[in-house]
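Data file: structure_26.txt. Format and content: compact mmCIF, C-alpha atoms and all ligand atoms.
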```txt
# COMPACT_ATOMS: atom_id res chain seq x y z
CA MET A 427 -6.80 7.99 -9.16
CA ASN A 428 -9.17 5.21 -10.13
CA SER A 429 -9.15 3.85 -13.69
CA VAL A 430 -12.12 1.48 -13.21
CA PRO A 431 -15.73 2.77 -13.40
CA THR A 432 -17.51 2.32 -10.05
CA PHE A 433 -21.30 2.40 -9.68
CA SER A 434 -22.15 4.61 -6.72
CA GLN A 435 -25.81 3.53 -6.36
CA PRO A 436 -26.12 2.43 -2.69
CA VAL A 437 -26.97 -1.21 -2.08
CA ASN A 438 -29.55 -2.11 0.60
CA LEU A 439 -27.44 -3.49 3.47
CA VAL A 440 -30.20 -4.10 6.05
CA SER A 441 -29.73 -7.52 7.68
CA ASP A 442 -30.57 -9.04 11.07
CA VAL A 443 -27.67 -11.48 10.78
CA SER A 444 -24.68 -10.62 13.00
CA GLN A 445 -21.17 -10.23 11.59
CA GLN A 446 -19.93 -13.16 13.70
CA GLY A 447 -22.93 -15.32 12.76
CA PHE A 448 -22.26 -14.66 9.09
CA ARG A 449 -18.54 -15.46 9.42
CA ASP A 450 -19.25 -18.67 11.36
CA ALA A 451 -21.66 -19.75 8.61
CA MET A 452 -19.23 -18.75 5.82
CA ALA A 453 -16.49 -20.80 7.50
CA LYS A 454 -18.54 -23.88 6.51
CA MET A 455 -18.46 -22.93 2.82
CA GLY A 456 -15.28 -24.53 1.45
CA ALA A 457 -13.59 -22.44 -1.25
CA ALA A 458 -10.65 -22.50 -3.64
CA VAL A 459 -7.75 -20.28 -2.57
CA ASN A 460 -6.35 -17.77 -5.05
CA ILE A 461 -3.56 -15.23 -5.13
CA ILE A 462 -4.73 -12.13 -6.97
CA THR A 463 -1.91 -10.02 -8.39
CA THR A 464 -1.66 -6.70 -10.18
CA ASP A 465 1.05 -4.57 -11.80
CA GLY A 466 1.19 -1.34 -13.76
CA PRO A 467 1.64 2.40 -13.09
CA ALA A 468 0.70 1.96 -9.40
CA GLY A 469 3.19 -0.88 -8.89
CA ARG A 470 3.07 -4.58 -8.08
CA ALA A 471 0.77 -5.94 -5.38
CA GLY A 472 -1.07 -9.13 -4.45
CA PHE A 473 -3.40 -10.69 -1.87
CA ALA A 474 -4.96 -14.06 -0.99
CA ALA A 475 -8.66 -14.39 -1.81
CA THR A 476 -11.46 -16.92 -1.56
CA ALA A 477 -14.19 -14.49 -2.69
CA VAL A 478 -13.84 -15.23 -6.43
CA CYS A 479 -16.48 -16.67 -8.73
CA SER A 480 -17.53 -17.15 -12.33
CA VAL A 481 -20.09 -14.61 -13.61
CA THR A 482 -20.68 -15.63 -17.25
CA ASP A 483 -18.84 -17.52 -20.01
CA SER A 484 -20.04 -15.09 -22.71
CA PRO A 485 -17.91 -13.06 -22.43
CA ALA A 486 -15.62 -14.90 -19.98
CA THR A 487 -16.00 -12.92 -16.74
CA LEU A 488 -15.01 -13.40 -13.09
CA LEU A 489 -15.87 -11.43 -10.01
CA ILE A 490 -13.62 -10.73 -7.04
CA CYS A 491 -14.61 -9.16 -3.69
CA LEU A 492 -11.81 -6.94 -2.36
CA ASN A 493 -11.84 -5.29 1.07
CA ARG A 494 -11.39 -1.53 0.53
CA THR A 495 -9.05 -1.33 3.55
CA ALA A 496 -6.57 -3.85 2.06
CA SER A 497 -3.06 -2.54 1.35
CA VAL A 498 -3.42 -3.65 -2.29
CA PHE A 499 -6.64 -1.69 -2.90
CA ASN A 500 -5.23 1.45 -4.57
CA ALA A 501 -2.78 -0.50 -6.73
CA VAL A 502 -5.54 -2.81 -8.00
CA MET A 503 -7.90 0.06 -8.84
CA GLU A 504 -5.25 2.26 -10.46
CA ASN A 505 -3.67 -0.52 -12.52
CA GLY A 506 -7.09 -1.82 -13.61
CA VAL A 507 -5.73 -5.34 -14.21
CA VAL A 508 -5.53 -8.50 -12.10
CA CYS A 509 -4.35 -12.06 -12.49
CA VAL A 510 -6.33 -14.69 -10.54
CA ASN A 511 -3.86 -17.48 -9.71
CA VAL A 512 -5.65 -20.61 -8.43
CA LEU A 513 -3.43 -22.35 -5.86
CA THR A 514 -2.37 -25.98 -5.53
CA SER A 515 -1.62 -27.91 -2.35
CA ALA A 516 2.03 -26.82 -2.72
CA HIS A 517 1.08 -23.16 -2.09
CA GLU A 518 -0.12 -23.21 1.51
CA ASN A 519 2.79 -21.08 2.80
CA LEU A 520 2.49 -18.69 -0.14
CA SER A 521 -1.18 -18.14 0.68
CA SER A 522 -0.29 -17.28 4.28
CA LEU A 523 2.27 -14.73 3.07
CA PHE A 524 -0.22 -13.03 0.73
CA GLY A 525 -3.00 -13.18 3.33
CA GLY A 526 -1.06 -11.50 6.13
CA LYS A 527 0.70 -8.25 6.88
CA THR A 528 3.87 -9.21 4.99
CA PRO A 529 5.63 -6.47 2.92
CA VAL A 530 4.91 -6.73 -0.81
CA ASP A 531 8.50 -7.62 -1.88
CA GLU A 532 8.64 -10.47 0.63
CA ARG A 533 5.35 -11.85 -0.73
CA PHE A 534 6.61 -11.98 -4.33
CA ALA A 535 10.13 -13.22 -3.40
CA ALA A 536 8.63 -16.50 -2.19
CA ALA A 537 7.60 -17.75 -5.67
CA GLU A 538 8.39 -17.58 -9.39
CA TRP A 539 6.32 -15.20 -11.53
CA GLN A 540 5.81 -14.64 -15.24
CA GLU A 541 4.11 -11.73 -17.00
CA GLY A 542 0.63 -12.20 -18.44
CA VAL A 543 -0.81 -10.20 -21.38
CA THR A 544 -2.13 -7.50 -19.02
CA GLY A 545 1.24 -7.18 -17.25
CA ALA A 546 -0.08 -8.70 -14.01
CA PRO A 547 2.21 -11.33 -12.41
CA MET A 548 1.27 -14.94 -13.25
CA LEU A 549 2.29 -17.55 -10.67
CA ALA A 550 4.58 -19.95 -12.60
CA ASP A 551 3.15 -23.14 -11.05
CA ALA A 552 -0.48 -22.13 -10.45
CA MET A 553 -3.22 -24.71 -11.08
CA VAL A 554 -4.75 -22.19 -13.48
CA SER A 555 -4.30 -18.45 -14.02
CA PHE A 556 -6.93 -16.02 -15.34
CA ASP A 557 -5.34 -12.80 -16.58
CA CYS A 558 -8.02 -10.09 -16.50
CA ARG A 559 -8.92 -6.49 -17.15
CA ILE A 560 -11.30 -4.94 -14.58
CA ILE A 561 -14.29 -3.60 -16.51
CA GLU A 562 -16.73 -2.53 -13.77
CA SER A 563 -16.98 -2.40 -10.00
CA GLN A 564 -19.57 -1.91 -7.28
CA ASP A 565 -19.12 -1.06 -3.58
CA VAL A 566 -21.09 -3.27 -1.18
CA GLY A 567 -20.49 -2.72 2.54
CA THR A 568 -16.75 -2.98 3.31
CA HIS A 569 -15.85 -4.51 -0.05
CA ARG A 570 -15.58 -3.57 -3.72
CA VAL A 571 -16.89 -6.16 -6.16
CA LEU A 572 -14.66 -6.22 -9.24
CA PHE A 573 -16.02 -7.53 -12.54
CA CYS A 574 -13.10 -8.86 -14.53
CA ALA A 575 -12.98 -9.65 -18.27
CA VAL A 576 -10.70 -12.64 -18.81
CA GLN A 577 -8.01 -11.89 -21.43
CA GLN A 578 -5.90 -15.05 -21.16
CA ILE A 579 -6.08 -18.43 -19.39
CA ARG A 580 -3.13 -20.65 -18.59
CA GLU A 581 -3.74 -24.14 -17.20
CA GLN A 582 -1.25 -26.64 -15.81
CA GLU A 583 -1.25 -30.15 -14.39
CA ALA A 584 -1.24 -30.32 -10.59
CA ASP A 585 -2.05 -33.15 -8.21
CA ALA A 586 -4.18 -31.39 -5.66
CA ALA A 587 -6.06 -28.14 -5.12
CA LEU A 588 -5.76 -25.90 -2.06
CA VAL A 589 -9.11 -25.44 -0.32
CA TYR A 590 -10.00 -23.20 2.66
CA TYR A 591 -12.65 -24.77 4.92
CA LYS A 592 -13.49 -24.27 8.62
CA ARG A 593 -10.69 -21.67 8.95
CA ALA A 594 -7.98 -24.12 7.81
CA TYR A 595 -6.26 -25.27 4.61
CA HIS A 596 -7.13 -28.67 3.08
CA HIS A 597 -5.80 -30.55 0.06
CA LEU A 598 -8.39 -31.75 -2.45
CA GLY A 599 -7.58 -34.54 -4.88
CA ALA A 600 -4.24 -35.54 -3.31
N1 LIG A 701 -13.98 -12.23 1.74
C1 LIG A 701 -13.02 -11.78 2.56
O1 LIG A 701 -12.74 -10.59 2.64
C2 LIG A 701 -12.24 -12.77 3.36
C3 LIG A 701 -11.35 -12.28 4.28
N2 LIG A 701 -10.62 -13.13 5.03
C4 LIG A 701 -9.66 -12.53 6.00
O2 LIG A 701 -8.94 -13.54 6.67
C5 LIG A 701 -9.23 -13.50 8.09
C6 LIG A 701 -9.29 -14.91 8.66
O3 LIG A 701 -10.40 -15.60 8.08
P1 LIG A 701 -10.89 -16.96 8.68
O4 LIG A 701 -9.76 -17.71 9.25
O5 LIG A 701 -11.67 -17.68 7.62
O6 LIG A 701 -11.83 -16.58 9.91
P2 LIG A 701 -13.04 -15.55 10.04
O7 LIG A 701 -13.89 -16.04 11.16
O8 LIG A 701 -12.57 -14.15 10.14
O9 LIG A 701 -13.87 -15.71 8.66
C7 LIG A 701 -14.69 -16.84 8.36
C8 LIG A 701 -15.22 -16.69 6.97
O10 LIG A 701 -16.04 -15.53 6.89
C9 LIG A 701 -15.85 -14.87 5.64
N3 LIG A 701 -15.26 -13.54 5.93
C10 LIG A 701 -14.29 -13.22 6.83
N4 LIG A 701 -14.06 -11.92 6.85
C11 LIG A 701 -14.89 -11.40 5.92
C12 LIG A 701 -15.14 -10.09 5.48
N5 LIG A 701 -14.49 -9.04 5.98
N6 LIG A 701 -16.07 -9.91 4.50
C13 LIG A 701 -16.73 -10.95 3.98
N7 LIG A 701 -16.56 -12.21 4.36
C14 LIG A 701 -15.65 -12.42 5.31
C15 LIG A 701 -14.92 -15.73 4.83
O11 LIG A 701 -15.67 -16.63 4.06
C16 LIG A 701 -14.14 -16.45 5.90
O12 LIG A 701 -13.57 -17.65 5.47
C17 LIG A 701 -10.56 -12.75 8.16
O13 LIG A 701 -10.78 -12.15 9.41
C18 LIG A 701 -10.41 -11.75 7.05
O14 LIG A 701 -9.61 -10.69 7.50
C19 LIG A 701 -10.72 -14.48 4.90
C20 LIG A 701 -11.58 -15.02 3.99
C21 LIG A 701 -12.39 -14.20 3.10
C1 LIG A 702 -7.64 -17.76 3.01
C2 LIG A 702 -7.81 -16.26 2.88
C3 LIG A 702 -8.77 -15.76 2.03
C4 LIG A 702 -8.96 -14.39 1.89
N1 LIG A 702 -9.91 -13.94 1.04
C5 LIG A 702 -10.07 -12.62 0.85
C6 LIG A 702 -11.01 -12.13 -0.09
O1 LIG A 702 -11.67 -12.88 -0.78
N2 LIG A 702 -11.12 -10.78 -0.22
C7 LIG A 702 -10.37 -9.90 0.51
O2 LIG A 702 -10.53 -8.69 0.35
N3 LIG A 702 -9.46 -10.33 1.40
C8 LIG A 702 -9.29 -11.67 1.59
N4 LIG A 702 -8.36 -12.13 2.46
C9 LIG A 702 -7.52 -11.15 3.18
C10 LIG A 702 -6.40 -10.61 2.29
O3 LIG A 702 -5.65 -11.64 1.71
C11 LIG A 702 -5.42 -9.74 3.11
O4 LIG A 702 -4.94 -10.45 4.17
C12 LIG A 702 -6.08 -8.52 3.67
O5 LIG A 702 -6.56 -7.77 2.58
C13 LIG A 702 -5.07 -7.67 4.50
O6 LIG A 702 -3.89 -7.55 3.78
P1 LIG A 702 -2.87 -6.34 3.94
O7 LIG A 702 -2.04 -6.67 5.13
O8 LIG A 702 -2.05 -6.39 2.70
O9 LIG A 702 -3.69 -5.10 4.07
C14 LIG A 702 -8.15 -13.50 2.64
C15 LIG A 702 -7.16 -14.00 3.48
C16 LIG A 702 -6.98 -15.36 3.61
C17 LIG A 702 -5.89 -15.89 4.51
```

Since I need it in another form, could you write the structure as structure tokens?
Amino acid sequence: MNSVPTFSQPVNLVSDVSQQGFRDAMAKMGAAVNIITTDGPAGRAGFAATAVCSVTDSPATLLICLNRTASVFNAVMENGVVCVNVLTSAHENLSSLFGGKTPVDERFAAAEWQEGVTGAPMLADAMVSFDCRIIESQDVGTHRVLFCAVQQIREQEADAALVYYKRAYHHLGA
């Protein structure tokens, strides 16, 4: 079951750039690290993600690119809600847990969570959390692009952000 509308129009994927060439180039694009969580009828799940960006402020909307082979995929699509938890420098180990093959209960046991308005788990000490409802999605290659309407924002004070750059974690603003 899939509660989020998905546009099936194929996207032109022709490119002369190799997969490895693209990844090597993308490794030079530093990015904030996030833990994306969901909860609802399909259960709790979460994954680490750098492919997150702002779409528009009117109405407040984010996009997330989720690999369709990820273990969280069905839960995210069936629940139709996500919380984007932006990580601080204190969350390096947590990111590794949510980015690997770790069982879901072990991932969530490593931190404290609260419930946002959508029911998705909010990381208690995140830099900022965006609690969202998924309103549209589009498949592109291996990934599904999720368009997410922001329902609630919670911000907190933190010394430094967690950044992923050249295949390693860095602390920004420490
Ligand atoms: N957007 C994504 O799906 C990302 C997935 N990852 C996962 O973490 C693993 C380790 O990543 P790295 O240490 O950075 O080394 P890597 O060489 O596998 O990836 C380098 C960069 O390429 C991009 N990338 C990697 N896999 C991708 C994918 N399937 N689709 C689109 N972009 C992708 C990301 O920007 C990543 O930081 C990756 O192999 C992948 O499984 C990591 C970052 C982003
Ligand atoms: C730093 C980092 C960033 C990641 N960014 C993304 C991302 O933006 N989109 C995505 O689908 N997977 C991303 N991943 C991979 C997922 O977190 C996860 O490892 C992958 O979906 C496999 O998880 P599974 O074992 O639960 O299937 C990233 C992993 C790491 C370590």

Exercise for the section: Just the residues within 8 Å of Leu488 in chain A, please, counting only C-alpha atoms, with nothing from its chain fewer than 4 positions along; format it as a list of chain:residue names. Expected result: A:Val478, A:Cys479, A:Ser480, A:Val481, A:Thr482, A:Phe573, A:Cys574, A:Ala575, A:Val576

Problem - Shell of 7 Å around ligand LIG 702 (chain A) (all atoms listed in the file), written as a PyMOL selection string - result: chain A and resi 459+473-478+490-493+495-498+521-522+524-528+569+590

Exercise for the section: Write out as a PyMOL selection string the residues lying within 9 Å of Asp551 in chain A, counting all atoms listed in the file and excluding same-chain residues fewer than 6 positions away. Expected result: chain A and resi 513-514+537-539+582-584

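Going from CA of Asp450 in chain A over to CA of Asn519 in chain A, you cover 23.8 Å.
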
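Using all atoms listed in the file, the nearest neighbour of Phe556 in chain A within the list A:Ser515, A:Thr464, A:Asn500, A:Asn505 is A:Thr464.
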
Fill in the blank from the handout: CA of Ile461 in chain A sits from CA of Val510 in chain A at a separation of 6.1 Å

Practice task
Write out as number ranges by chain the residues lying within 9 Å of Pro547 in chain A, counting all atoms listed in the file and excluding same-chain residues fewer than 6 positions away.
Solution key: A: 462-465, 470-472, 508-509, 539-541, 557

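In this structure, atom N1 of ligand LIG 701 (chain A) sits 21.3 Å away from CA of Ala546 in chain A.
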